[in-house]
>>> print(open('work.cif').read())   # mmCIF, C-alpha atoms and all ligand atoms
data_model
loop_
_atom_site.label_atom_id
_atom_site.label_comp_id
_atom_site.auth_asym_id
_atom_site.auth_seq_id
_atom_site.Cartn_x
_atom_site.Cartn_y
_atom_site.Cartn_z
CA MET A 1 124.83 68.80 2.50
CA ALA A 2 123.10 69.57 5.75
CA VAL A 3 120.06 71.44 7.01
CA GLU A 4 119.60 74.21 9.53
CA PRO A 5 118.16 73.16 12.91
CA THR A 6 115.30 75.64 12.62
CA ASP A 7 114.40 74.17 9.22
CA VAL A 8 114.34 70.72 10.78
CA ALA A 9 111.90 71.96 13.42
CA ALA A 10 109.81 73.65 10.72
CA VAL A 11 109.65 70.48 8.61
CA VAL A 12 108.64 68.46 11.68
CA LEU A 13 105.82 70.92 12.41
CA ALA A 14 104.70 70.96 8.79
CA ALA A 15 104.66 67.18 8.57
CA HIS A 16 102.89 66.77 11.92
CA PRO A 17 101.00 69.98 12.63
CA HIS A 18 99.17 68.49 15.61
CA ALA A 19 102.17 66.82 17.17
CA LEU A 20 103.13 67.30 20.78
CA VAL A 21 106.85 68.00 20.80
CA VAL A 22 109.18 67.37 23.72
CA ALA A 23 112.34 69.40 23.10
CA ALA A 24 115.61 68.81 24.89
CA LEU A 25 117.68 71.70 26.17
CA GLY A 26 119.99 73.39 23.68
CA THR A 27 119.47 73.83 19.97
CA ALA A 28 116.40 71.60 20.01
CA THR A 29 114.55 74.05 22.22
CA SER A 30 115.85 77.20 20.46
CA ALA A 31 115.00 75.84 17.01
CA LEU A 32 111.54 74.68 17.99
CA ARG A 33 110.71 77.94 19.73
CA LEU A 34 111.73 79.84 16.61
CA ALA A 35 109.98 77.56 14.15
CA SER A 36 106.76 77.36 16.17
CA ASP A 37 106.68 81.01 17.24
CA ASP A 38 107.17 79.79 20.80
CA GLY A 39 104.36 77.26 20.52
CA PRO A 40 103.00 75.35 23.52
CA HIS A 41 105.49 72.49 23.40
CA LEU A 42 107.33 70.84 26.27
CA TYR A 43 110.69 72.59 26.41
CA LEU A 44 113.10 71.12 28.92
CA GLY A 45 115.26 73.97 30.12
CA GLY A 46 117.49 71.50 31.93
CA ALA A 47 117.39 67.80 32.76
CA MET A 48 119.87 66.94 30.04
CA GLY A 49 119.33 63.28 29.16
CA SER A 50 115.65 63.13 30.15
CA ALA A 51 113.84 64.30 27.02
CA LEU A 52 113.47 60.94 25.27
CA ALA A 53 112.13 59.28 28.43
CA THR A 54 109.70 62.16 28.93
CA ALA A 55 108.51 61.91 25.33
CA LEU A 56 108.00 58.16 25.74
CA GLY A 57 105.86 58.83 28.80
CA VAL A 58 103.80 61.45 26.98
CA ALA A 59 103.44 59.17 23.95
CA GLU A 60 102.11 56.29 26.00
CA ALA A 61 99.71 58.56 27.88
CA VAL A 62 98.15 59.92 24.67
CA PRO A 63 98.37 57.13 22.08
CA GLU A 64 96.02 59.02 19.73
CA ARG A 65 98.49 61.91 19.33
CA THR A 66 101.73 62.06 17.40
CA VAL A 67 104.55 62.78 19.83
CA VAL A 68 107.95 63.98 18.67
CA ALA A 69 111.10 63.86 20.78
CA LEU A 70 113.39 66.58 19.41
CA LEU A 71 116.88 65.97 20.73
CA GLY A 72 120.45 67.14 20.40
CA ASP A 73 123.08 64.53 19.65
CA GLY A 74 124.78 65.10 23.01
CA GLU A 75 121.41 64.76 24.68
CA LEU A 76 120.80 61.38 23.07
CA LEU A 77 124.32 60.14 23.84
CA MET A 78 123.52 60.82 27.50
CA SER A 79 120.26 58.85 27.28
CA ALA A 80 120.78 56.35 24.46
CA ASN A 81 119.59 53.60 26.81
CA GLY A 82 116.14 55.04 26.23
CA LEU A 83 116.19 53.72 22.67
CA TRP A 84 116.08 50.21 24.13
CA SER A 85 112.96 51.16 26.07
CA VAL A 86 111.36 52.50 22.89
CA ALA A 87 112.21 49.14 21.31
CA ALA A 88 110.67 47.36 24.30
CA TYR A 89 107.33 49.19 24.37
CA ARG A 90 107.09 50.41 20.74
CA PRO A 91 104.64 53.29 20.92
CA ALA A 92 103.19 53.64 17.41
CA ASN A 93 102.86 57.42 17.85
CA LEU A 94 106.45 58.30 18.76
CA VAL A 95 109.00 59.81 16.42
CA THR A 96 112.46 60.72 17.66
CA VAL A 97 114.28 63.42 15.71
CA VAL A 98 117.95 63.98 16.51
CA LEU A 99 119.81 67.10 15.49
CA THR A 100 123.22 65.67 14.72
CA ASP A 101 125.71 68.52 14.58
CA GLY A 102 128.61 66.56 16.05
CA LEU A 103 128.92 69.10 18.84
CA TYR A 104 127.96 70.06 22.31
CA SER A 105 126.97 73.32 20.74
CA ILE A 106 125.56 75.45 23.48
CA THR A 107 128.43 74.82 25.87
CA GLY A 108 130.92 76.18 23.39
CA GLY A 109 130.97 73.76 20.50
CA GLN A 110 133.04 70.97 21.99
CA PRO A 111 133.09 68.06 19.51
CA LEU A 112 131.38 64.78 20.33
CA PRO A 113 134.28 62.32 20.56
CA VAL A 114 132.64 59.90 18.12
CA ASP A 115 130.08 59.81 15.33
CA PRO A 116 127.07 58.56 17.27
CA CYS A 117 125.62 56.66 14.25
CA PHE A 118 122.18 56.92 15.85
CA ALA A 119 120.29 55.77 12.77
CA ASP A 120 122.45 52.64 12.51
CA VAL A 121 122.04 51.90 16.21
CA ALA A 122 118.29 52.49 16.26
CA GLY A 123 117.85 50.54 13.03
CA ALA A 124 119.56 47.56 14.64
CA LEU A 125 117.06 47.48 17.51
CA PRO A 126 113.94 45.33 17.18
CA GLY A 127 110.78 47.27 16.44
CA LEU A 128 112.42 50.58 15.57
CA THR A 129 112.81 52.08 12.14
CA ALA A 130 115.44 54.68 11.39
CA ALA A 131 116.87 56.96 8.73
CA ARG A 132 119.72 59.45 8.50
CA VAL A 133 118.82 62.47 6.39
CA SER A 134 120.57 65.67 5.42
CA ASP A 135 117.97 67.63 3.49
CA GLY A 136 114.45 68.84 4.10
CA GLY A 137 112.77 66.67 1.47
CA ASN A 138 114.23 63.43 2.79
CA LEU A 139 113.43 64.55 6.32
CA ARG A 140 109.82 65.09 5.39
CA ASP A 141 109.59 61.73 3.62
CA ALA A 142 111.14 59.96 6.60
CA LEU A 143 108.77 61.67 9.03
CA LEU A 144 105.75 60.71 6.99
CA GLU A 145 106.72 57.29 5.74
CA LEU A 146 108.76 55.45 8.38
CA PRO A 147 106.71 52.98 10.39
CA ARG A 148 106.76 53.97 14.04
CA PRO A 149 108.33 54.15 16.47
CA ALA A 150 110.92 55.81 14.27
CA LEU A 151 114.17 57.65 14.72
CA VAL A 152 115.21 60.26 12.20
CA GLU A 153 118.77 61.50 12.48
CA ALA A 154 118.95 64.90 10.83
CA VAL A 155 122.48 65.96 10.00
CA VAL A 156 122.45 69.68 10.68
CA ARG A 157 124.99 72.22 9.58
CA THR A 158 127.74 72.61 12.15
CA GLY A 159 127.75 76.00 13.78
CA SER A 160 124.22 76.71 12.60
CA ARG A 161 122.47 76.87 15.93
CA PRO A 162 119.94 79.68 16.06
CA GLY A 163 121.49 81.24 19.13
CA PRO A 164 120.38 81.04 22.70
CA SER A 165 116.76 81.59 23.54
CA PRO A 166 115.65 83.15 26.80
CA PHE A 167 115.38 80.62 29.60
CA VAL A 168 112.04 78.89 29.66
CA ASP A 169 109.88 79.33 32.72
CA PRO A 170 108.99 75.77 33.79
CA GLY A 171 105.62 76.65 35.27
CA THR A 172 104.57 78.48 32.12
CA VAL A 173 105.77 75.66 29.89
CA ARG A 174 103.88 73.10 31.93
CA THR A 175 100.65 75.09 31.99
CA ARG A 176 100.71 75.85 28.27
CA PHE A 177 101.63 72.28 27.35
CA THR A 178 98.86 70.69 29.40
CA ALA A 179 96.32 73.23 28.14
CA ALA A 180 97.35 72.58 24.52
CA LEU A 181 97.09 68.88 25.10
CA ARG A 182 93.51 69.19 26.33
CA ALA A 183 92.47 71.81 23.77
CA THR A 184 93.82 70.04 20.75
CA ALA A 185 92.30 66.77 21.90
CA ALA A 186 88.87 68.42 22.01
CA GLU A 187 89.42 70.18 18.68
CA ARG A 188 90.44 66.95 17.01
CA GLN A 189 87.32 65.25 18.27
CA ASP A 190 85.24 68.05 16.70
CA THR A 191 86.94 67.92 13.33
CA GLY A 192 87.33 64.14 13.21
CA GLN A 193 90.91 64.42 12.04
CA GLU A 194 93.05 61.42 11.31
CA VAL A 195 93.92 59.57 14.44
CA VAL A 196 96.98 57.37 14.81
CA THR A 197 96.13 54.33 16.84
CA CYS A 198 98.51 52.24 18.84
CA THR A 199 98.18 49.16 20.92
CA ALA A 200 97.79 50.44 24.45
CA ASP A 201 99.87 49.16 27.33
CA ARG A 202 101.66 46.14 26.06
CA MET B 1 109.05 34.37 48.99
CA SER B 2 108.77 38.13 48.80
CA GLY B 3 105.92 37.73 46.29
CA SER B 4 103.63 36.43 49.03
CA LEU B 5 104.51 38.99 51.70
CA ALA B 6 101.47 40.70 53.19
CA TRP B 7 102.98 44.17 53.22
CA ALA B 8 103.96 43.94 49.55
CA ALA B 9 100.44 43.05 48.50
CA ALA B 10 99.09 45.84 50.68
CA VAL B 11 101.42 48.40 49.05
CA GLY B 12 100.48 47.23 45.56
CA ASP B 13 96.80 47.36 46.45
CA ALA B 14 97.08 50.84 47.98
CA LEU B 15 98.76 52.14 44.81
CA ALA B 16 96.18 50.53 42.53
CA ASP B 17 93.28 51.64 44.75
CA GLY B 18 94.71 55.15 44.61
CA GLY B 19 94.35 55.22 40.85
CA VAL B 20 97.93 54.53 39.79
CA ASP B 21 97.79 53.37 36.17
CA VAL B 22 101.42 52.71 35.27
CA ALA B 23 104.54 51.66 37.18
CA ALA B 24 108.00 52.61 35.93
CA TYR B 25 110.68 50.64 37.73
CA LEU B 26 113.93 48.82 37.90
CA PRO B 27 113.91 45.47 39.63
CA ASP B 28 114.86 44.98 43.27
CA SER B 29 114.29 41.91 45.39
CA ARG B 30 112.27 43.69 48.07
CA LEU B 31 110.16 45.39 45.40
CA GLN B 32 109.33 42.11 43.68
CA GLY B 33 106.15 41.38 45.62
CA VAL B 34 104.87 44.90 45.03
CA LEU B 35 105.56 44.62 41.31
CA VAL B 36 103.74 41.30 41.11
CA ARG B 37 100.72 42.76 42.88
CA LEU B 38 100.65 45.86 40.67
CA ALA B 39 100.69 43.68 37.57
CA GLU B 40 97.92 41.48 39.01
CA ARG B 41 95.88 44.60 39.59
CA GLY B 42 96.15 45.57 35.93
CA VAL B 43 98.63 48.41 36.34
CA ALA B 44 100.77 48.78 33.20
CA MET B 45 104.32 47.72 34.00
CA ARG B 46 107.29 49.52 32.46
CA CYS B 47 110.65 48.00 33.26
CA LEU B 48 113.02 50.70 32.00
CA THR B 49 116.81 50.84 31.87
CA ARG B 50 117.81 53.40 34.48
CA GLU B 51 116.04 55.19 37.32
CA GLU B 52 116.61 58.60 35.77
CA GLU B 53 114.69 57.30 32.78
CA CYS B 54 111.86 56.08 35.04
CA VAL B 55 111.57 59.58 36.49
CA GLY B 56 111.55 61.25 33.06
CA TYR B 57 109.03 58.73 31.75
CA ALA B 58 106.74 59.22 34.74
CA ALA B 59 107.04 62.99 34.44
CA GLY B 60 105.88 62.79 30.81
CA ARG B 61 102.99 60.52 31.70
CA ALA B 62 101.92 62.70 34.60
CA LEU B 63 102.05 65.87 32.48
CA ALA B 64 99.84 64.17 29.91
CA GLY B 65 97.21 63.30 32.51
CA GLY B 66 98.37 59.84 33.64
CA ARG B 67 98.94 58.53 37.16
CA PRO B 68 102.37 56.94 37.28
CA VAL B 69 104.40 55.58 40.19
CA VAL B 70 108.17 55.13 40.16
CA LEU B 71 109.68 52.21 42.06
CA MET B 72 113.39 51.75 42.60
CA GLN B 73 116.08 50.62 44.99
CA CYS B 74 117.45 53.66 46.81
CA SER B 75 120.74 53.30 44.90
CA GLY B 76 118.70 54.38 41.90
CA LEU B 77 117.90 57.64 43.60
CA GLY B 78 121.52 58.51 42.95
CA ASN B 79 120.91 57.79 39.28
CA SER B 80 117.83 60.00 39.15
CA LEU B 81 118.76 63.17 40.99
CA ASN B 82 119.05 65.47 37.99
CA ALA B 83 115.75 64.34 36.50
CA LEU B 84 114.10 64.83 39.88
CA GLY B 85 115.60 68.26 40.46
CA SER B 86 115.69 69.78 36.98
CA LEU B 87 112.47 68.28 35.67
CA VAL B 88 110.09 67.02 38.35
CA VAL B 89 110.71 69.61 41.05
CA ALA B 90 111.49 72.50 38.70
CA TYR B 91 108.35 71.91 36.63
CA GLY B 92 106.15 71.29 39.68
CA ILE B 93 105.20 67.76 38.68
CA GLY B 94 103.91 65.60 41.51
CA LEU B 95 105.18 62.01 41.43
CA PRO B 96 104.92 59.20 43.95
CA LEU B 97 108.19 57.34 44.53
CA VAL B 98 108.60 53.97 46.20
CA LEU B 99 112.15 53.38 47.39
CA SER B 100 113.42 50.03 48.57
CA MET B 101 116.00 50.89 51.23
CA ARG B 102 119.44 49.33 51.23
CA GLY B 103 122.50 50.36 53.14
CA THR B 104 120.68 50.96 56.39
CA LEU B 105 119.87 48.82 59.45
CA GLY B 106 121.38 45.37 59.08
CA GLU B 107 123.18 46.04 55.79
CA ALA B 108 126.00 43.55 55.12
CA ASN B 109 127.22 44.94 51.81
CA PRO B 110 129.60 47.88 52.26
CA ALA B 111 128.97 49.10 48.71
CA GLN B 112 125.32 49.77 49.56
CA VAL B 113 125.92 51.82 52.67
CA PRO B 114 126.89 55.32 51.45
CA ILE B 115 123.88 55.96 49.22
CA GLY B 116 121.56 54.22 51.65
CA LEU B 117 122.70 56.54 54.41
CA ALA B 118 122.49 59.56 52.11
CA THR B 119 119.01 58.81 50.79
CA PRO B 120 116.99 60.82 53.35
CA ALA B 121 119.34 63.80 52.99
CA LEU B 122 119.27 63.65 49.18
CA LEU B 123 115.48 63.68 49.18
CA ALA B 124 115.38 66.42 51.80
CA ALA B 125 117.76 68.55 49.75
CA LEU B 126 115.25 68.43 46.90
CA GLY B 127 112.32 69.11 49.20
CA VAL B 128 110.86 65.63 48.73
CA PRO B 129 109.36 64.19 51.92
CA VAL B 130 109.81 60.48 52.63
CA TYR B 131 107.61 58.29 54.81
CA PRO B 132 108.79 54.90 56.08
CA LEU B 133 106.93 51.58 55.96
CA ARG B 134 108.01 49.04 58.59
CA ASP B 135 105.10 46.70 59.40
CA PRO B 136 105.64 43.27 57.80
CA HIS B 137 101.92 42.64 58.12
CA GLY B 138 101.19 45.70 56.05
CA GLY B 139 99.25 47.51 58.76
CA ASP B 140 100.79 50.88 57.82
CA ALA B 141 100.66 50.41 54.03
CA ALA B 142 97.22 51.73 53.14
CA SER B 143 97.44 54.87 55.27
CA THR B 144 101.02 55.74 54.31
CA VAL B 145 100.72 55.02 50.60
CA GLY B 146 97.31 56.64 50.53
CA GLY B 147 98.71 59.71 52.25
CA VAL B 148 101.55 59.96 49.75
CA LEU B 149 99.12 59.66 46.85
CA THR B 150 97.04 62.47 48.32
CA LEU B 151 100.13 64.67 48.56
CA VAL B 152 100.85 63.89 44.92
CA GLN B 153 97.40 64.02 43.37
CA ARG B 154 95.83 66.78 45.44
CA ALA B 155 98.71 68.89 46.70
CA GLY B 156 100.77 68.42 43.52
CA ARG B 157 103.90 67.43 45.46
CA THR B 158 106.45 64.72 44.83
CA ALA B 159 106.68 62.41 47.82
CA ALA B 160 108.30 59.08 48.62
CA VAL B 161 107.56 55.90 50.55
CA ALA B 162 110.61 54.11 51.97
CA LEU B 163 110.39 50.33 52.23
CA GLU B 164 112.49 49.78 55.34
CA PRO B 165 114.44 46.61 56.19
CA GLU B 166 112.06 45.73 59.03
CA LEU B 167 109.57 44.68 56.34
CA GLY B 168 111.81 41.76 55.43
CA GLY B 169 112.15 40.48 51.91
CA GLY B 170 115.05 41.33 49.70
CA ARG B 171 117.70 41.16 52.37
CA GLY B 172 120.00 39.20 50.08
CA ALA B 173 123.13 40.45 48.39
CA HIS B 174 121.45 42.48 45.66
C1 LIG C 301 123.53 66.75 33.23
C2 LIG C 301 124.15 67.87 32.47
N1 LIG C 301 125.40 67.74 31.98
C3 LIG C 301 125.95 68.74 31.28
C4 LIG C 301 125.26 69.90 31.05
C5 LIG C 301 125.88 71.04 30.27
N2 LIG C 301 125.30 71.06 28.94
C6 LIG C 301 124.23 71.85 28.65
S1 LIG C 301 123.80 71.77 27.07
C7 LIG C 301 125.04 70.72 26.71
C8 LIG C 301 125.30 70.29 25.31
C9 LIG C 301 124.13 69.64 24.68
O1 LIG C 301 124.56 69.08 23.47
P1 LIG C 301 123.53 68.64 22.39
O2 LIG C 301 122.48 67.85 23.01
O3 LIG C 301 124.27 68.04 21.26
O4 LIG C 301 122.84 70.00 21.96
P2 LIG C 301 123.51 71.21 21.16
O5 LIG C 301 124.08 72.12 22.20
O6 LIG C 301 124.55 70.68 20.25
O7 LIG C 301 122.37 71.83 20.47
C10 LIG C 301 125.76 70.39 27.85
C11 LIG C 301 126.92 69.48 27.88
C12 LIG C 301 123.96 69.99 31.59
N3 LIG C 301 123.18 71.07 31.41
N4 LIG C 301 123.45 68.98 32.29
MG MG C 302 124.82 68.75 19.40
#
>>> encode(input="work.cif", output="structure tokens", more="lines below")
Ligand SMILES: Cc1ncc(C[n+]2csc(CCOP(=O)(O)OP(=O)(O)O)c2C)c(N)n1
Ligand SMILES: [Mg+2]
Amino acid sequence: MAVEPTDVAAVVLAAHPHALVVAALGTATSALRLASDDGPHLYLGGAMGSALATALGVAEAVPERTVVALLGDGELLMSANGLWSVAAYRPANLVTVVLTDGLYSITGGQPLPVDPCFADVAGALPGLTAARVSDGGNLRDALLELPRPALVEAVVRTGSRPGPSPFVDPGTVRTRFTAALRATAAERQDTGQEVVTCTADR
Amino acid sequence: MSGSLAWAAAVGDALADGGVDVAAYLPDSRLQGVLVRLAERGVAMRCLTREEECVGYAAGRALAGGRPVVLMQCSGLGNSLNALGSLVVAYGIGLPLVLSMRGTLGEANPAQVPIGLATPALLAALGVPVYPLRDPHGGDAASTVGGVLTLVQRAGRTAAVALEPELGGGRGAH
């Protein structure tokens, strides 16, 4: 069994409606744009291999917000070293969600040469929790229940990418993301919503 | 010891005085004194695993309102080009970079030379200006680092400081 990438993005947004999401290029960005109606998230139109590091930086800058790194499996293979940095600094507000489809989908579906076993790898690192899930219910449970920082490897249906989305305009993405960050921070202060705390700057 | 060099303390102080709140870096012997000073000044220190990761991390922190600096040996510039071009420059994120120069004047290690020589051209190709520091007494540190921070924080540009060999420190084999 496996889920659709857009459903993964939708479950992430339902579980963490106020999360700031950093989406890697490829299916991660297409799925999140669809599921969020092109919400003000940080879509990386390029910079393959930089999304996890960027999410870690965002997470440490705003420890009161939930930050989600939404990554393709090829993306994380290119930047798996970043998992060791997550283990080193352990932001309690960071959740990494990997869309494991076993492919470099958007470049034509070339297979990854190995099962990346991201959940096993992350679970072996100190300070990280991890789960591999293949349906929406388990995904939601993992997102809500795993102590953070967490990695959730979502096995998505091969060949189920939602198709290409129009290229993102970097300036627009940046402006919307920073505005959303400020606006939601103010809104959350007003409504006194639940705030996830983390030990700052270890 | 590089940790007690005047210029290194002056660079660390100029960064801290300029509001830098986190340093993402990979170690380098000439950088060591700067790193020690930044930590003494209460700047959060993030030793990451690869310079490309430092650039991505700093980009995220800057977008979320932080004031990061990235410090690396210039070899690491080679490791970070795509993050600089496709993320930092493309998204208009201003970042200060501090590059410890190898492969230039007085270099004994042939493996360091090609990227050292290419560093100014690589930065220029991305439109990132680089300003050298050469005074071992640190006389040029405050004005140069301060000027780079102004370019970053006010003009929104990415700009680099090059720690040149004339500073001394870190002239070993690493
Ligand atoms: C540095 C770099 N290398 C290669 C590419 C080409 N490329 C773009 S997307 C992609 C595949 C991404 O795979 P994955 O992260 O698994 O996402 P998917 O396409 O499967 O959704 C590749 C190889 C690139 N854009 N940048
Ligand atoms: Mg993939």
>>> residues_near_ligand(input="work.cif", ligand="ligand MG 302 (chain C)", cutoff="6 Å", atoms="only C-alpha atoms and all ligand atoms", output="ChimeraX atom specification")
/A:72-74,100-105
>>> closest_residue(input="work.cif", among="A:Ala15, A:Ala55, A:Ala87, A:Leu112", to="ligand LIG 301 (chain C)", atoms="only C-alpha atoms and all ligand atoms")
A:Leu112
>>> closest_residue(input="work.cif", among="B:Leu48, B:Gly18, B:Gly65, B:Leu87", to="ligand LIG 301 (chain C)", atoms="all atoms listed in the file")
B:Leu87
>>> residues_near_ligand(input="work.cif", ligand="ligand LIG 301 (chain C)", cutoff="10 Å", atoms="all atoms listed in the file", output="JSON, numbers by chain")
{"A": [5, 24, 25, 26, 27, 28, 29, 30, 31, 45, 46, 47, 48, 49, 50, 70, 71, 72, 73, 74, 75, 76, 77, 78, 98, 99, 100, 101, 102, 103, 104, 105, 106, 107, 108, 109, 110, 111, 112, 156, 158, 159, 160, 161, 162, 163, 164], "B": [81, 82, 83, 86]}
>>> write_last_selection(input="work.cif", atoms="C-alpha atoms", output="CSV table (one decimal), in the coordinates of the input")
chain,number,residue,atom,x,y,z
A,5,PRO,CA,118.2,73.2,12.9
A,24,ALA,CA,115.6,68.8,24.9
A,25,LEU,CA,117.7,71.7,26.2
A,26,GLY,CA,120.0,73.4,23.7
A,27,THR,CA,119.5,73.8,20.0
A,28,ALA,CA,116.4,71.6,20.0
A,29,THR,CA,114.6,74.0,22.2
A,30,SER,CA,115.8,77.2,20.5
A,31,ALA,CA,115.0,75.8,17.0
A,45,GLY,CA,115.3,74.0,30.1
A,46,GLY,CA,117.5,71.5,31.9
A,47,ALA,CA,117.4,67.8,32.8
A,48,MET,CA,119.9,66.9,30.0
A,49,GLY,CA,119.3,63.3,29.2
A,50,SER,CA,115.6,63.1,30.2
A,70,LEU,CA,113.4,66.6,19.4
A,71,LEU,CA,116.9,66.0,20.7
A,72,GLY,CA,120.4,67.1,20.4
A,73,ASP,CA,123.1,64.5,19.6
A,74,GLY,CA,124.8,65.1,23.0
A,75,GLU,CA,121.4,64.8,24.7
A,76,LEU,CA,120.8,61.4,23.1
A,77,LEU,CA,124.3,60.1,23.8
A,78,MET,CA,123.5,60.8,27.5
A,98,VAL,CA,118.0,64.0,16.5
A,99,LEU,CA,119.8,67.1,15.5
A,100,THR,CA,123.2,65.7,14.7
A,101,ASP,CA,125.7,68.5,14.6
A,102,GLY,CA,128.6,66.6,16.0
A,103,LEU,CA,128.9,69.1,18.8
A,104,TYR,CA,128.0,70.1,22.3
A,105,SER,CA,127.0,73.3,20.7
A,106,ILE,CA,125.6,75.4,23.5
A,107,THR,CA,128.4,74.8,25.9
A,108,GLY,CA,130.9,76.2,23.4
A,109,GLY,CA,131.0,73.8,20.5
A,110,GLN,CA,133.0,71.0,22.0
A,111,PRO,CA,133.1,68.1,19.5
A,112,LEU,CA,131.4,64.8,20.3
A,156,VAL,CA,122.4,69.7,10.7
A,158,THR,CA,127.7,72.6,12.2
A,159,GLY,CA,127.8,76.0,13.8
A,160,SER,CA,124.2,76.7,12.6
A,161,ARG,CA,122.5,76.9,15.9
A,162,PRO,CA,119.9,79.7,16.1
A,163,GLY,CA,121.5,81.2,19.1
A,164,PRO,CA,120.4,81.0,22.7
B,81,LEU,CA,118.8,63.2,41.0
B,82,ASN,CA,119.0,65.5,38.0
B,83,ALA,CA,115.8,64.3,36.5
B,86,SER,CA,115.7,69.8,37.0
>>> closest_atom_pairs(input="work.cif", of="chain A", to="chain B", cutoff="10 Å", atoms="all atoms listed in the file", output="Markdown table")
| residue | atom | partner | partner_atom | distance |
| --- | --- | --- | --- | --- |
| A:Val22 | CA | B:Gly60 | CA | 9.1 |
| A:Leu42 | CA | B:Gly60 | CA | 9.4 |
| A:Leu44 | CA | B:Leu87 | CA | 7.4 |
| A:Gly45 | CA | B:Ser86 | CA | 8.0 |
| A:Gly46 | CA | B:Ser86 | CA | 5.6 |
| A:Ala47 | CA | B:Ser86 | CA | 5.0 |
| A:Met48 | CA | B:Ala83 | CA | 8.1 |
| A:Gly49 | CA | B:Ala83 | CA | 8.2 |
| A:Ser50 | CA | B:Gly56 | CA | 5.4 |
| A:Ala51 | CA | B:Gly56 | CA | 7.1 |
| A:Leu52 | CA | B:Gly56 | CA | 8.0 |
| A:Ala53 | CA | B:Tyr57 | CA | 4.6 |
| A:Thr54 | CA | B:Gly60 | CA | 4.3 |
| A:Ala55 | CA | B:Gly60 | CA | 6.1 |
| A:Leu56 | CA | B:Tyr57 | CA | 6.1 |
| A:Gly57 | CA | B:Tyr57 | CA | 4.3 |
| A:Val58 | CA | B:Gly60 | CA | 4.6 |
| A:Ala59 | CA | B:Arg61 | CA | 7.9 |
| A:Glu60 | CA | B:Arg61 | CA | 7.2 |
| A:Ala61 | CA | B:Arg61 | CA | 5.4 |
| A:Val62 | CA | B:Ala64 | CA | 7.0 |
| A:Ser79 | CA | B:Glu53 | CA | 8.0 |
| A:Asn81 | CA | B:Thr49 | CA | 6.4 |
| A:Gly82 | CA | B:Thr49 | CA | 7.1 |
| A:Leu83 | CA | B:Thr49 | CA | 9.7 |
| A:Trp84 | CA | B:Thr49 | CA | 7.8 |
| A:Ser85 | CA | B:Leu48 | CA | 5.9 |
| A:Val86 | CA | B:Leu48 | CA | 9.4 |
| A:Ala88 | CA | B:Leu48 | CA | 8.7 |
| A:Tyr89 | CA | B:Arg46 | CA | 8.1 |
| A:Asp169 | CA | B:Tyr91 | CA | 8.5 |
| A:Pro170 | CA | B:Tyr91 | CA | 4.8 |
| A:Gly171 | CA | B:Tyr91 | CA | 5.6 |
| A:Thr172 | CA | B:Tyr91 | CA | 8.8 |
| A:Val173 | CA | B:Tyr91 | CA | 8.1 |
| A:Arg174 | CA | B:Tyr91 | CA | 6.6 |
| A:Thr175 | CA | B:Leu63 | CA | 9.3 |
| A:Phe177 | CA | B:Leu63 | CA | 8.2 |
| A:Thr178 | CA | B:Leu63 | CA | 6.5 |
| A:Ala179 | CA | B:Ala64 | CA | 9.9 |
| A:Leu181 | CA | B:Ala64 | CA | 7.3 |
| A:Arg182 | CA | B:Ala64 | CA | 8.8 |
| A:Ala200 | CA | B:Ala44 | CA | 9.4 |
| A:Asp201 | CA | B:Ala44 | CA | 6.0 |
| A:Arg202 | CA | B:Ala44 | CA | 7.7 |
>>> atom_distance(input="work.cif", atom1="atom CA of Arg102 of chain B", atom2="atom CA of Leu71 of chain B")
13.7 Å
>>> atom_distance(input="work.cif", atom1="atom CA of Gly136 of chain A", atom2="atom CA of Gly123 of chain A")
20.6 Å
>>> residues_around(input="work.cif", residues="Leu99 of chain B", least_positions_apart="6", cutoff="8 Å", atoms="only C-alpha atoms", output="PDB file with C-alpha atoms, keeping the file's coordinate frame")
ATOM      1  CA  LEU B  71     109.680  52.210  42.060  1.00  0.00           C
ATOM      2  CA  MET B  72     113.390  51.750  42.600  1.00  0.00           C
ATOM      3  CA  GLN B  73     116.080  50.620  44.990  1.00  0.00           C
ATOM      4  CA  CYS B  74     117.450  53.660  46.810  1.00  0.00           C
ATOM      5  CA  ALA B 160     108.300  59.080  48.620  1.00  0.00           C
ATOM      6  CA  VAL B 161     107.560  55.900  50.550  1.00  0.00           C
ATOM      7  CA  ALA B 162     110.610  54.110  51.970  1.00  0.00           C
ATOM      8  CA  LEU B 163     110.390  50.330  52.230  1.00  0.00           C
TER       9      LEU B 163
END
>>> atom_distance(input="work.cif", atom1="atom CA of Gly94 of chain B", atom2="atom CA of Val152 of chain B")
4.9 Å
>>> closest_residue(input="work.cif", among="A:Ala80, A:Val114, A:Ala124, A:Leu143", to="Ala9 of chain A", atoms="only C-alpha atoms")
A:Leu143
>>> closest_residue(input="work.cif", among="B:Ala9, B:Leu105, B:Ala23, B:Ala159", to="Arg37 of chain B", atoms="all atoms listed in the file")
B:Ala9
>>> residues_around(input="work.cif", residues="segment 133-149 of chain B", least_positions_apart="2", cutoff="9 Å", atoms="only C-alpha atoms", output="PyMOL selection string")
chain B and resi 5-11+13-15+17-20+95-97+130-131+151-154+157-168
>>> closest_residue(input="work.cif", among="B:Ser75, B:Gln32, B:Thr119, B:Gln112", to="Gly12 of chain B", atoms="all atoms listed in the file")
B:Gln32
>>> decode(input="work.cif", residues="segment 112-120 of chain B", atoms="C-alpha atoms", output="compact mmCIF listing (two decimals), in the first residue's frame")
# COMPACT_ATOMS: atom_id res chain seq x y z
CA GLN B 112 44.78 23.74 -2.76
CA VAL B 113 45.86 25.90 -5.67
CA PRO B 114 43.16 25.49 -8.35
CA ILE B 115 40.15 26.41 -6.22
CA GLY B 116 42.11 29.09 -4.40
CA LEU B 117 42.97 30.72 -7.71
CA ALA B 118 39.40 30.31 -8.96
CA THR B 119 37.74 31.74 -5.86
CA PRO B 120 37.54 35.41 -6.96
